[in-house]
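Text of input12.txt, listed as compact mmCIF, C-alpha atoms:
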```
# COMPACT_ATOMS: atom_id res chain seq x y z
CA MET A 1 78.64 121.39 96.02
CA LYS A 2 82.07 121.40 97.64
CA LEU A 3 81.32 124.71 99.36
CA LEU A 4 77.98 123.43 100.62
CA SER A 5 79.53 120.28 102.07
CA LEU A 6 82.30 122.37 103.64
CA ILE A 7 79.66 124.52 105.33
CA VAL A 8 77.78 121.45 106.60
CA VAL A 9 81.01 119.89 107.91
CA CYS A 10 82.11 123.10 109.62
CA LEU A 11 78.67 123.50 111.18
CA THR A 12 78.73 119.95 112.55
CA GLY A 13 82.28 120.33 113.77
CA GLY A 14 81.51 123.68 115.37
CA LEU A 15 78.53 122.26 117.22
CA LEU A 16 80.58 119.31 118.44
CA LEU A 17 83.43 121.58 119.52
CA TYR A 18 80.89 123.70 121.39
CA GLY A 19 79.63 120.49 122.99
CA THR A 20 83.10 119.40 124.14
CA ALA A 21 83.01 122.27 126.66
CA ASP A 22 80.52 120.22 128.68
CA LEU A 23 82.45 116.95 128.51
CA PRO A 24 84.29 115.85 131.66
CA ASP A 25 88.01 116.63 131.79
CA TRP A 26 90.37 114.19 130.19
CA GLY A 27 91.34 111.41 132.61
CA ASP A 28 88.99 112.59 135.35
CA PRO A 29 88.32 109.58 137.62
CA ASN A 30 84.93 111.04 138.55
CA ALA A 31 83.67 111.27 134.96
CA PRO A 32 80.21 109.73 134.55
CA ALA A 33 81.59 107.03 132.26
CA SER A 34 83.84 105.70 135.04
CA LEU A 35 81.37 105.86 137.91
CA HIS A 36 78.64 103.30 137.48
CA LEU A 37 79.10 100.12 135.51
CA SER A 38 82.86 100.12 135.06
CA ASN A 39 83.47 100.24 138.81
CA TYR A 40 81.38 97.11 139.22
CA TYR A 41 83.44 95.39 136.53
CA ILE A 42 86.77 96.43 138.04
CA GLU A 43 85.90 95.48 141.61
CA ASN A 44 83.97 92.27 141.03
CA ALA A 45 85.37 90.73 137.84
CA ILE A 46 88.02 88.75 139.70
CA ARG A 47 85.49 87.38 142.17
CA ASP A 48 82.93 86.61 139.47
CA THR A 49 85.15 85.21 136.75
CA GLU A 50 88.72 84.69 138.11
CA VAL A 51 90.10 86.36 134.96
CA PRO A 52 92.59 89.17 135.57
CA ASN A 53 92.23 90.74 132.13
CA LEU A 54 89.09 92.79 132.61
CA VAL A 55 88.70 93.46 128.89
CA THR A 56 88.42 89.75 128.19
CA ALA A 57 86.18 89.25 131.22
CA VAL A 58 83.74 91.87 129.96
CA LEU A 59 84.09 90.77 126.33
CA ALA A 60 83.57 87.05 126.78
CA ASP A 61 81.53 86.83 129.96
CA TYR A 62 79.51 89.90 130.91
CA ARG A 63 78.85 90.86 127.30
CA SER A 64 79.28 87.42 125.72
CA ILE A 65 76.09 87.49 123.65
CA ASP A 66 77.15 90.81 122.12
CA THR A 67 80.51 89.29 121.17
CA MET A 68 78.80 86.24 119.70
CA LEU A 69 76.72 88.38 117.38
CA GLU A 70 79.79 90.51 116.60
CA THR A 71 81.47 87.30 115.41
CA ALA A 72 78.38 86.53 113.36
CA VAL A 73 78.71 89.98 111.75
CA VAL A 74 82.32 89.23 110.80
CA PHE A 75 81.26 85.87 109.37
CA CYS A 76 78.48 87.54 107.36
CA ALA A 77 80.99 90.06 105.97
CA GLY A 78 83.20 87.21 104.74
CA LEU A 79 80.19 85.49 103.24
CA ALA A 80 79.08 88.71 101.53
CA CYS A 81 82.55 89.21 99.99
CA PHE A 82 82.52 85.64 98.70
CA LEU A 83 79.03 85.88 97.24
CA LEU A 84 79.63 89.30 95.65
CA LEU A 85 82.96 88.61 94.02
CA ARG A 86 83.60 84.90 93.52
CA ASP A 87 83.80 84.19 89.82
CA PHE A 88 83.67 80.55 88.76
CA THR A 89 83.72 81.11 84.99
CA PRO A 90 86.72 79.36 83.43
CA LYS A 91 89.29 81.61 81.78
CA LYS A 92 89.66 81.66 78.02
CA ASP A 93 93.42 81.62 77.52
CA HIS A 94 95.61 79.15 79.29
CA HIS A 95 99.23 79.72 80.17
CA TYR A 96 101.49 76.94 81.35
CA ARG A 97 104.92 77.41 82.86
CA HIS A 98 107.64 74.77 82.49
CA VAL A 99 108.97 74.74 86.04
CA PRO A 100 112.65 73.73 85.50
CA THR A 101 113.35 76.07 82.57
CA GLY A 102 110.75 78.84 82.91
CA VAL A 103 109.47 78.43 79.35
CA ILE A 104 105.88 79.60 78.98
CA LEU A 105 103.24 77.85 76.85
CA HIS A 106 100.28 79.91 75.65
CA VAL A 107 97.14 77.95 74.63
CA LYS A 108 94.57 80.13 72.87
CA ASN A 109 91.87 77.65 71.94
CA PRO A 110 89.75 77.11 75.05
CA ASP A 111 87.80 74.11 73.67
CA ARG A 112 90.82 71.95 72.99
CA GLN A 113 91.79 69.88 76.00
CA VAL A 114 95.52 70.21 76.56
CA ILE A 115 97.28 67.60 78.61
CA VAL A 116 100.56 68.80 80.08
CA GLY A 117 102.98 66.76 82.10
CA ASN A 118 103.87 67.16 85.74
CA GLU A 119 106.68 69.56 84.92
CA PHE A 120 104.23 72.23 83.73
CA GLU A 121 102.06 74.28 86.04
CA ASP A 122 99.05 76.44 85.39
CA MET A 123 99.77 80.18 85.47
CA ASP A 124 98.34 83.59 84.55
CA LYS A 125 99.33 86.34 82.18
CA GLU A 126 100.19 88.77 84.98
CA TRP A 127 102.47 86.34 86.73
CA LEU A 128 105.81 87.73 87.89
CA PRO A 129 108.51 85.69 89.56
CA PRO A 130 108.53 86.51 93.31
CA ASP A 131 111.60 88.26 94.63
CA THR A 132 114.08 85.99 96.39
CA ILE A 133 114.84 88.35 99.28
CA ILE A 134 111.18 88.96 100.06
CA LYS A 135 110.42 85.25 99.79
CA THR A 136 113.22 84.26 102.14
CA VAL A 137 112.44 86.91 104.75
CA CYS A 138 108.74 86.07 104.74
CA ARG A 139 109.45 82.35 104.96
CA MET A 140 111.49 83.02 108.08
CA LEU A 141 109.02 85.47 109.64
CA ILE A 142 105.71 83.74 109.04
CA PRO A 143 106.14 80.87 111.57
CA PHE A 144 107.00 83.38 114.30
CA ILE A 145 104.02 85.56 113.42
CA GLN A 146 101.77 82.50 113.63
CA ILE A 147 103.21 81.38 116.98
CA TYR A 148 102.70 84.89 118.29
CA ALA A 149 99.10 84.87 117.04
CA LEU A 150 98.40 81.60 118.86
CA TYR A 151 100.03 83.05 121.98
CA VAL A 152 97.81 86.12 121.79
CA VAL A 153 94.71 83.93 121.49
CA ALA A 154 95.73 81.57 124.28
CA HIS A 155 96.78 84.25 126.75
CA GLY A 156 93.77 86.48 126.23
CA ASP A 157 92.57 85.76 129.76
CA PHE A 158 95.73 86.79 131.59
CA SER A 159 97.49 89.36 129.43
CA PRO A 160 96.56 91.73 126.60
CA GLY A 161 95.10 89.68 123.80
CA GLY A 162 92.12 87.65 122.76
CA GLY A 163 90.39 86.04 119.85
CA PHE A 164 89.88 89.13 117.70
CA GLN A 165 93.48 90.32 117.94
CA GLY A 166 95.02 86.87 117.56
CA GLY A 167 92.72 86.07 114.67
CA VAL A 168 93.73 89.20 112.82
CA ILE A 169 97.45 88.47 113.35
CA LEU A 170 97.04 84.88 112.14
CA GLY A 171 95.03 86.04 109.14
CA SER A 172 97.65 88.63 108.25
CA SER A 173 100.36 85.95 108.30
CA PHE A 174 98.43 84.08 105.60
CA ILE A 175 97.99 87.32 103.67
CA LEU A 176 101.76 87.91 103.92
CA LEU A 177 102.28 84.48 102.38
CA ALA A 178 99.97 85.40 99.51
CA ILE A 179 101.79 88.70 98.95
CA SER A 180 105.33 87.37 99.10
CA TYR A 181 104.70 84.29 96.92
CA ASN A 182 101.41 84.45 95.07
CA LEU A 183 97.77 83.70 95.66
CA LYS A 184 97.84 80.20 94.23
CA TYR A 185 100.71 79.26 96.54
CA LEU A 186 98.53 80.23 99.52
CA LEU A 187 95.47 78.44 98.18
CA LYS A 188 97.51 75.26 97.69
CA ARG A 189 98.19 75.26 101.43
CA VAL A 190 94.94 76.71 102.74
CA SER A 191 92.14 75.76 100.40
CA GLU A 192 89.11 77.96 99.87
CA LYS A 193 86.80 75.23 101.15
CA PHE A 194 88.81 74.96 104.36
CA LEU A 195 88.58 78.71 104.91
CA GLY A 196 84.83 78.68 104.39
CA ILE A 197 84.39 75.82 106.82
CA LEU A 198 86.74 77.46 109.35
CA SER A 199 84.85 80.74 109.34
CA ALA A 200 81.55 78.97 109.92
CA ALA A 201 83.08 76.61 112.48
CA GLY A 202 84.30 79.54 114.58
CA VAL A 203 80.77 80.89 115.00
CA LEU A 204 79.55 77.33 115.57
CA VAL A 205 82.11 76.77 118.35
CA TYR A 206 80.96 79.94 120.08
CA MET A 207 77.26 79.11 119.81
CA GLY A 208 77.93 75.45 120.61
CA ILE A 209 79.60 76.39 123.88
CA GLY A 210 76.56 78.51 124.70
CA LEU A 211 74.07 75.82 123.75
CA ALA A 212 75.96 73.05 125.56
CA ALA A 213 75.72 75.12 128.73
CA MET A 214 71.96 75.17 128.22
CA VAL A 215 71.93 71.41 127.72
CA LEU A 216 73.84 71.01 130.99
CA GLY A 217 71.09 72.91 132.78
CA GLY A 218 72.27 76.53 132.87
CA ASN A 219 71.65 79.71 130.98
CA PHE A 220 73.03 80.41 127.51
CA LEU A 221 76.85 80.79 127.75
CA ASP A 222 76.86 80.07 131.51
CA TYR A 223 80.36 78.62 131.80
CA GLU A 224 79.85 77.53 135.42
CA LYS A 225 77.82 74.58 134.19
CA TYR A 226 80.95 72.97 132.74
CA ALA A 227 82.35 72.47 136.24
CA PRO A 228 81.25 68.79 136.51
CA ILE A 229 83.21 67.98 133.34
CA PHE A 230 86.34 70.15 133.56
CA GLY A 231 86.57 70.77 137.31
CA GLU A 232 85.89 73.87 139.35
CA HIS A 233 89.33 75.41 138.92
CA HIS A 234 89.21 78.51 136.64
CA ILE A 235 86.21 77.11 134.85
CA ARG A 236 85.08 80.52 133.60
CA ALA A 237 88.55 81.28 132.22
CA LEU A 238 88.42 77.95 130.42
CA GLY A 239 85.01 78.70 128.93
CA MET A 240 86.25 82.10 127.78
CA LEU A 241 89.29 80.47 126.17
CA GLY A 242 86.98 78.18 124.20
CA VAL A 243 84.91 81.12 123.07
CA GLU A 244 88.02 83.11 122.12
CA ILE A 245 89.30 80.21 120.03
CA GLY A 246 86.00 80.24 118.17
CA VAL A 247 86.31 83.98 117.57
CA GLY A 248 89.93 83.58 116.45
CA MET A 249 89.05 80.86 113.93
CA SER A 250 86.26 82.91 112.44
CA VAL A 251 88.25 86.16 112.23
CA THR A 252 91.29 84.42 110.69
CA ALA A 253 89.24 82.78 107.98
CA VAL A 254 87.22 85.88 107.19
CA MET A 255 90.33 88.10 106.88
CA VAL A 256 91.86 85.67 104.36
CA ILE A 257 88.57 85.25 102.45
CA ILE A 258 88.13 89.01 102.12
CA TYR A 259 91.74 89.42 100.95
CA ILE A 260 91.79 86.65 98.37
CA ASN A 261 88.48 87.68 96.87
CA ILE A 262 89.24 91.39 96.64
CA VAL A 263 92.78 91.22 95.22
CA SER A 264 91.90 88.75 92.47
CA GLU A 265 88.38 90.07 91.83
CA GLY A 266 87.07 86.63 92.75
CA LYS A 267 89.08 84.77 90.09
CA HIS A 268 91.70 83.39 92.52
CA ASP A 269 94.52 83.64 89.99
CA GLU A 270 98.11 84.54 90.59
CA GLY A 271 97.97 88.32 90.03
CA LEU A 272 99.21 90.36 93.02
CA MET S 1 89.84 134.74 125.03
CA THR S 2 92.17 133.26 127.62
CA GLU S 3 89.26 131.21 128.95
CA LEU S 4 88.76 129.74 125.48
CA PHE S 5 92.44 128.80 125.27
CA MET S 6 92.29 127.24 128.72
CA LEU S 7 89.28 125.22 127.62
CA ILE S 8 91.04 124.01 124.47
CA ALA S 9 94.20 123.17 126.43
CA ALA S 10 92.23 121.14 128.98
CA LYS S 11 90.30 119.16 126.37
CA TYR S 12 92.62 119.26 123.36
CA ASN S 13 92.09 115.54 122.74
CA TYR S 14 88.37 115.99 122.12
CA CYS S 15 89.11 118.90 119.78
CA LEU S 16 91.52 116.72 117.81
CA TYR S 17 88.91 113.98 117.45
CA VAL S 18 86.33 116.48 116.26
CA ILE S 19 88.78 117.79 113.65
CA LEU S 20 89.56 114.20 112.56
CA MET S 21 85.84 113.53 112.30
CA MET S 22 85.37 116.67 110.21
CA ILE S 23 88.05 115.51 107.78
CA GLY S 24 86.35 112.13 107.43
CA LEU S 25 82.90 113.64 107.03
CA TYR S 26 84.13 116.11 104.40
CA ALA S 27 85.74 113.27 102.43
CA MET S 28 82.55 111.23 102.61
CA ILE S 29 80.38 114.08 101.35
CA ALA S 30 82.55 116.02 98.93
CA LYS S 31 84.93 113.53 97.30
CA ASN S 32 83.97 112.21 93.91
CA ASN S 33 85.81 108.90 93.99
CA LEU S 34 84.22 106.00 95.84
CA MET S 35 87.55 104.75 97.22
CA LYS S 36 88.26 108.21 98.66
CA LYS S 37 84.84 108.13 100.28
CA LEU S 38 85.81 104.83 101.90
CA VAL S 39 89.04 106.34 103.19
CA GLY S 40 86.95 109.17 104.63
CA MET S 41 84.66 106.65 106.30
CA ASN S 42 87.63 104.96 107.93
CA ILE S 43 88.99 108.28 109.20
CA PHE S 44 85.55 108.98 110.67
CA GLN S 45 85.55 105.59 112.39
CA THR S 46 89.03 106.18 113.75
CA ALA S 47 87.90 109.47 115.28
CA ILE S 48 85.04 107.74 117.08
CA ILE S 49 87.27 104.90 118.26
CA LEU S 50 89.82 107.36 119.66
CA PHE S 51 87.01 109.30 121.35
CA TYR S 52 85.75 106.19 123.11
CA VAL S 53 89.19 105.04 124.19
CA SER S 54 89.97 108.46 125.62
CA ILE S 55 86.70 108.38 127.61
CA GLY S 56 88.00 105.23 129.30
CA PHE S 57 91.24 106.89 130.41
CA LYS S 58 91.85 107.85 134.06
CA HIS S 59 94.81 109.72 135.50
CA ASN S 60 97.09 107.66 137.77
CA ALA S 61 95.46 104.45 136.63
CA THR S 62 96.93 101.46 134.82
CA ILE S 63 95.65 99.18 132.07
CA PRO S 64 92.57 97.13 133.01
CA ILE S 65 94.44 93.96 133.93
CA ILE S 66 94.32 93.17 137.64
CA MET S 67 97.88 92.78 138.87
CA GLY S 68 99.79 90.94 141.54
CA ASP S 69 98.00 89.36 144.49
CA HIS S 70 94.57 90.07 143.08
CA GLY S 71 95.15 88.01 139.97
CA HIS S 72 94.88 84.22 139.66
CA GLY S 73 91.97 83.98 142.07
CA GLY S 74 93.72 85.66 144.99
CA HIS S 75 91.52 87.42 147.51
CA GLY S 76 93.96 89.84 149.11
CA ALA S 77 93.21 93.53 149.62
CA ALA S 78 90.09 95.03 148.02
CA ILE S 79 90.51 96.32 144.47
CA ASN S 80 90.28 100.07 144.13
CA ALA S 81 88.36 101.05 141.02
CA ALA S 82 90.36 104.28 140.64
CA ASP S 83 93.56 102.27 140.03
CA TYR S 84 92.36 100.68 136.80
CA MET S 85 91.09 102.21 133.60
CA ASN S 86 87.55 101.73 132.42
CA PRO S 87 87.48 98.40 130.51
CA LEU S 88 84.12 98.93 128.84
CA PRO S 89 85.18 101.37 126.05
CA HIS S 90 88.12 99.09 125.27
CA VAL S 91 85.78 96.14 124.79
CA LEU S 92 83.37 98.09 122.61
CA MET S 93 86.14 99.47 120.41
CA LEU S 94 87.96 96.14 120.17
CA THR S 95 84.94 94.63 118.48
CA ALA S 96 84.25 97.83 116.53
CA ILE S 97 87.74 97.76 114.96
CA VAL S 98 87.37 94.20 113.68
CA VAL S 99 83.84 94.82 112.45
CA SER S 100 85.01 98.00 110.70
CA VAL S 101 87.66 95.97 108.87
CA ALA S 102 85.00 93.48 107.84
CA THR S 103 82.59 96.17 106.65
CA LEU S 104 85.45 97.84 104.76
CA GLY S 105 86.00 94.50 103.02
CA VAL S 106 82.37 94.36 101.94
CA ALA S 107 82.49 97.98 100.78
CA MET S 108 85.60 97.30 98.71
CA ALA S 109 83.96 94.20 97.22
CA LEU S 110 81.04 96.38 96.15
CA CYS S 111 83.51 98.88 94.64
CA VAL S 112 85.16 96.08 92.66
CA LYS S 113 81.76 95.01 91.38
CA VAL S 114 80.86 98.59 90.39
CA TYR S 115 84.18 98.98 88.59
CA GLN S 116 83.73 95.70 86.73
CA ARG S 117 80.37 96.81 85.37
CA TYR S 118 80.96 100.55 84.69
CA GLN S 119 84.80 100.81 84.37
CA THR S 120 84.85 103.79 86.71
CA LEU S 121 84.63 104.68 90.38
CA GLU S 122 84.03 108.41 89.84
CA GLU S 123 80.58 109.32 91.02
CA ASP S 124 79.64 111.80 88.23
CA GLU S 125 80.71 109.36 85.50
CA LEU S 126 78.77 106.61 87.24
CA ARG S 127 75.68 108.79 87.24
CA MET S 128 76.18 109.47 83.52
CA ARG S 129 76.50 105.78 82.70
CA LEU S 130 73.41 104.98 84.74
CA SER S 131 71.31 107.59 82.94
CA GLU S 132 72.59 106.33 79.57
CA LYS S 133 71.45 102.87 80.51
CA ILE S 134 67.97 104.02 81.36
CA LYS S 135 67.63 105.81 77.98
CA LEU S 136 68.66 102.66 76.13
```
What is this structure when it is put down as structure tokens?
Amino acid sequence: MKLLSLIVVCLTGGLLLYGTADLPDWGDPNAPASLHLSNYYIENAIRDTEVPNLVTAVLADYRSIDTMLETAVVFCAGLACFLLLRDFTPKKDHHYRHVPTGVILHVKNPDRQVIVGNEFEDMDKEWLPPDTIIKTVCRMLIPFIQIYALYVVAHGDFSPGGGFQGGVILGSSFILLAISYNLKYLLKRVSEKFLGILSAAGVLVYMGIGLAAMVLGGNFLDYEKYAPIFGEHHIRALGMLGVEIGVGMSVTAVMVIIYINIVSEGKHDEGL
Amino acid sequence: MTELFMLIAAKYNYCLYVILMMIGLYAMIAKNNLMKKLVGMNIFQTAIILFYVSIGFKHNATIPIIMGDHGHGGHGAAINAADYMNPLPHVLMLTAIVVSVATLGVAMALCVKVYQRYQTLEEDELRMRLSEKIKL
């Protein structure tokens, strides 16, 4: 079996290597890929959209419907993770931690209702106290990571960046919080319901901007039609910013949803 | 023989991507563990992403962000397309990277589900458990 697959792989690779002989040279300005459409984008994007970052101009204006459905794919992935893994069955054993002293209470009978005071908090068997150094460093870093993520989203039109990149950075800052403290600490600040709503709202913002342009009398996602409301100046850049914010919201929420469901196998307890 | 070496030297990047793709494809076909198959899939995706990005490259060109007078709605000298890299592969791969992360998440969720039910991610053991189930 291994030998057979090795032969198949080598055959495929050999054919592709043979095919590379016909590819244009690396970095050749006259390669077919850089002759037709991309030249139009490079020469006319500024006139058409007034956005200097061509990647964003192509992403959110020329190919905006593609990006919208790409966002919908990301949303669907988050939804699929949630539906596959989320486990709402209550756990059998209960552990409670006395916060000031660290004493742990273990309740084995699941039917008996135990009322604990405010000084106790719910915990899991696998709980380990988070390391002080890691906690402190992450507490100092996370605000800067989040500011940087917002900067990347907001400056997507004029410098490298955009909704996808900024959304991933923002999502990873939440994941860092979950790693350095624990999952429950994150979910106390960013609830699961909020994440679900945020991921759907991102797609809704994108589609809403497109539909509102139709209501105002243009085509789907025709940002020019917002000119009577927001003014002529850089109206396409403004529309793209709105769309990128929608993408960023959706990507942030989906990254966190995927993480919290996979690491805890859908139980959302403290482990890891 | 020297011609072959010249060819490889001129297009070594494509050769590297093909080798990367072969590694990923081999892992996807031959590895027994589902997680290793996923790693192989990601290596395969990386090879394709690198291939696309390197198609967009041009010598003596800069990143596809219009600079200086042209930016901010200026209408100075005409923009020369040879001065800027091809933005289209960057756009396609930008979305492809995020979607690949999302699909990896779904694949890992499926792996977690498989492990919860069969206590293994090895493919031959999985096949054994499945056939046992059918007999019962």
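Here CA of His59 (chain S) is placed at a distance of 13.9 Å from CA of Ala33 (chain A).
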* To do: Using CA of Ala178 (chain A) and CA of Gly202 (chain A) as the two end points, give the distance in Å to one decimal.
  =>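 Taking CA of Ala178 (chain A) as the start and CA of Gly202 (chain A) as the end point, the length is 22.5 Å.
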* Asked: Hey, what's within 10 Å of Met67 (chain S) if we count all atoms listed in the file and toss same-chain stuff fewer than 6 positions away? As a VMD selection string, please?
  -> (chain A and resid 52 to 53 158) or (chain S and resid 79 84)
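With all atoms listed in the file as the basis for measurement, S:Arg129 is the residue among S:Arg129, S:Pro89, S:Ile66, S:Ala78 that approaches Tyr115 (chain S) most closely.
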Would you list the contacts of region 140-153 of chain A as a PDB file with C-alpha atoms, in the frame of the given file, taking every protein, DNA or RNA residue within 6 Å and counting all atoms listed in the file, but skipping same-chain residues closer than 6 positions in sequence?
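Okay, part39.pdb is ready:
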```
ATOM      1  CA  GLY A 161      95.100  89.680 123.800  1.00  0.00           C
ATOM      2  CA  GLY A 162      92.120  87.650 122.760  1.00  0.00           C
ATOM      3  CA  GLY A 163      90.390  86.040 119.850  1.00  0.00           C
ATOM      4  CA  GLY A 166      95.020  86.870 117.560  1.00  0.00           C
ATOM      5  CA  ILE A 169      97.450  88.470 113.350  1.00  0.00           C
ATOM      6  CA  LEU A 170      97.040  84.880 112.140  1.00  0.00           C
ATOM      7  CA  SER A 173     100.360  85.950 108.300  1.00  0.00           C
TER       8      SER A 173
END
```
* With a distance threshold of 8 Å and counting only C-alpha atoms, extract the residues of chain S near chain A and express them as a ChimeraX atom specification. => /S:7,10-11,13-15,18-19,21-22,25-26,29-30,54-59,64-67,70-73,78-82,84,86-88,90-91,94-95,98-99,102-103,105-106,108-110,112-113
Output for the residues just chosen: C-alpha atoms as a compact mmCIF listing (two decimals), in the frame of the given file:
```
# COMPACT_ATOMS: atom_id res chain seq x y z
CA LEU S 7 89.28 125.22 127.62
CA ALA S 10 92.23 121.14 128.98
CA LYS S 11 90.30 119.16 126.37
CA ASN S 13 92.09 115.54 122.74
CA TYR S 14 88.37 115.99 122.12
CA CYS S 15 89.11 118.90 119.78
CA VAL S 18 86.33 116.48 116.26
CA ILE S 19 88.78 117.79 113.65
CA MET S 21 85.84 113.53 112.30
CA MET S 22 85.37 116.67 110.21
CA LEU S 25 82.90 113.64 107.03
CA TYR S 26 84.13 116.11 104.40
CA ILE S 29 80.38 114.08 101.35
CA ALA S 30 82.55 116.02 98.93
CA SER S 54 89.97 108.46 125.62
CA ILE S 55 86.70 108.38 127.61
CA GLY S 56 88.00 105.23 129.30
CA PHE S 57 91.24 106.89 130.41
CA LYS S 58 91.85 107.85 134.06
CA HIS S 59 94.81 109.72 135.50
CA PRO S 64 92.57 97.13 133.01
CA ILE S 65 94.44 93.96 133.93
CA ILE S 66 94.32 93.17 137.64
CA MET S 67 97.88 92.78 138.87
CA HIS S 70 94.57 90.07 143.08
CA GLY S 71 95.15 88.01 139.97
CA HIS S 72 94.88 84.22 139.66
CA GLY S 73 91.97 83.98 142.07
CA ALA S 78 90.09 95.03 148.02
CA ILE S 79 90.51 96.32 144.47
CA ASN S 80 90.28 100.07 144.13
CA ALA S 81 88.36 101.05 141.02
CA ALA S 82 90.36 104.28 140.64
CA TYR S 84 92.36 100.68 136.80
CA ASN S 86 87.55 101.73 132.42
CA PRO S 87 87.48 98.40 130.51
CA LEU S 88 84.12 98.93 128.84
CA HIS S 90 88.12 99.09 125.27
CA VAL S 91 85.78 96.14 124.79
CA LEU S 94 87.96 96.14 120.17
CA THR S 95 84.94 94.63 118.48
CA VAL S 98 87.37 94.20 113.68
CA VAL S 99 83.84 94.82 112.45
CA ALA S 102 85.00 93.48 107.84
CA THR S 103 82.59 96.17 106.65
CA GLY S 105 86.00 94.50 103.02
CA VAL S 106 82.37 94.36 101.94
CA MET S 108 85.60 97.30 98.71
CA ALA S 109 83.96 94.20 97.22
CA LEU S 110 81.04 96.38 96.15
CA VAL S 112 85.16 96.08 92.66
CA LYS S 113 81.76 95.01 91.38
```
* Provide the CA of Met1 (chain S) to CA of Ile23 (chain S) distance in Å, to one decimal place. => 25.9 Å
* To do: Would you kindly identify which residues have an atom no farther than 9 Å from (85.3, 103.1, 104.5), using all atoms listed in the file and the file's own coordinates, and write them out as a list of chain:residue names?
  =>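 Residues found, by chain and rising number: S:Met28, S:Met35, S:Lys36, S:Lys37, S:Leu38, S:Val39, S:Gly40, S:Met41, S:Asn42, S:Ile43, S:Phe44, S:Gln45, S:Ser100, S:Val101, S:Thr103, S:Leu104, S:Gly105, S:Ala107, S:Met108.
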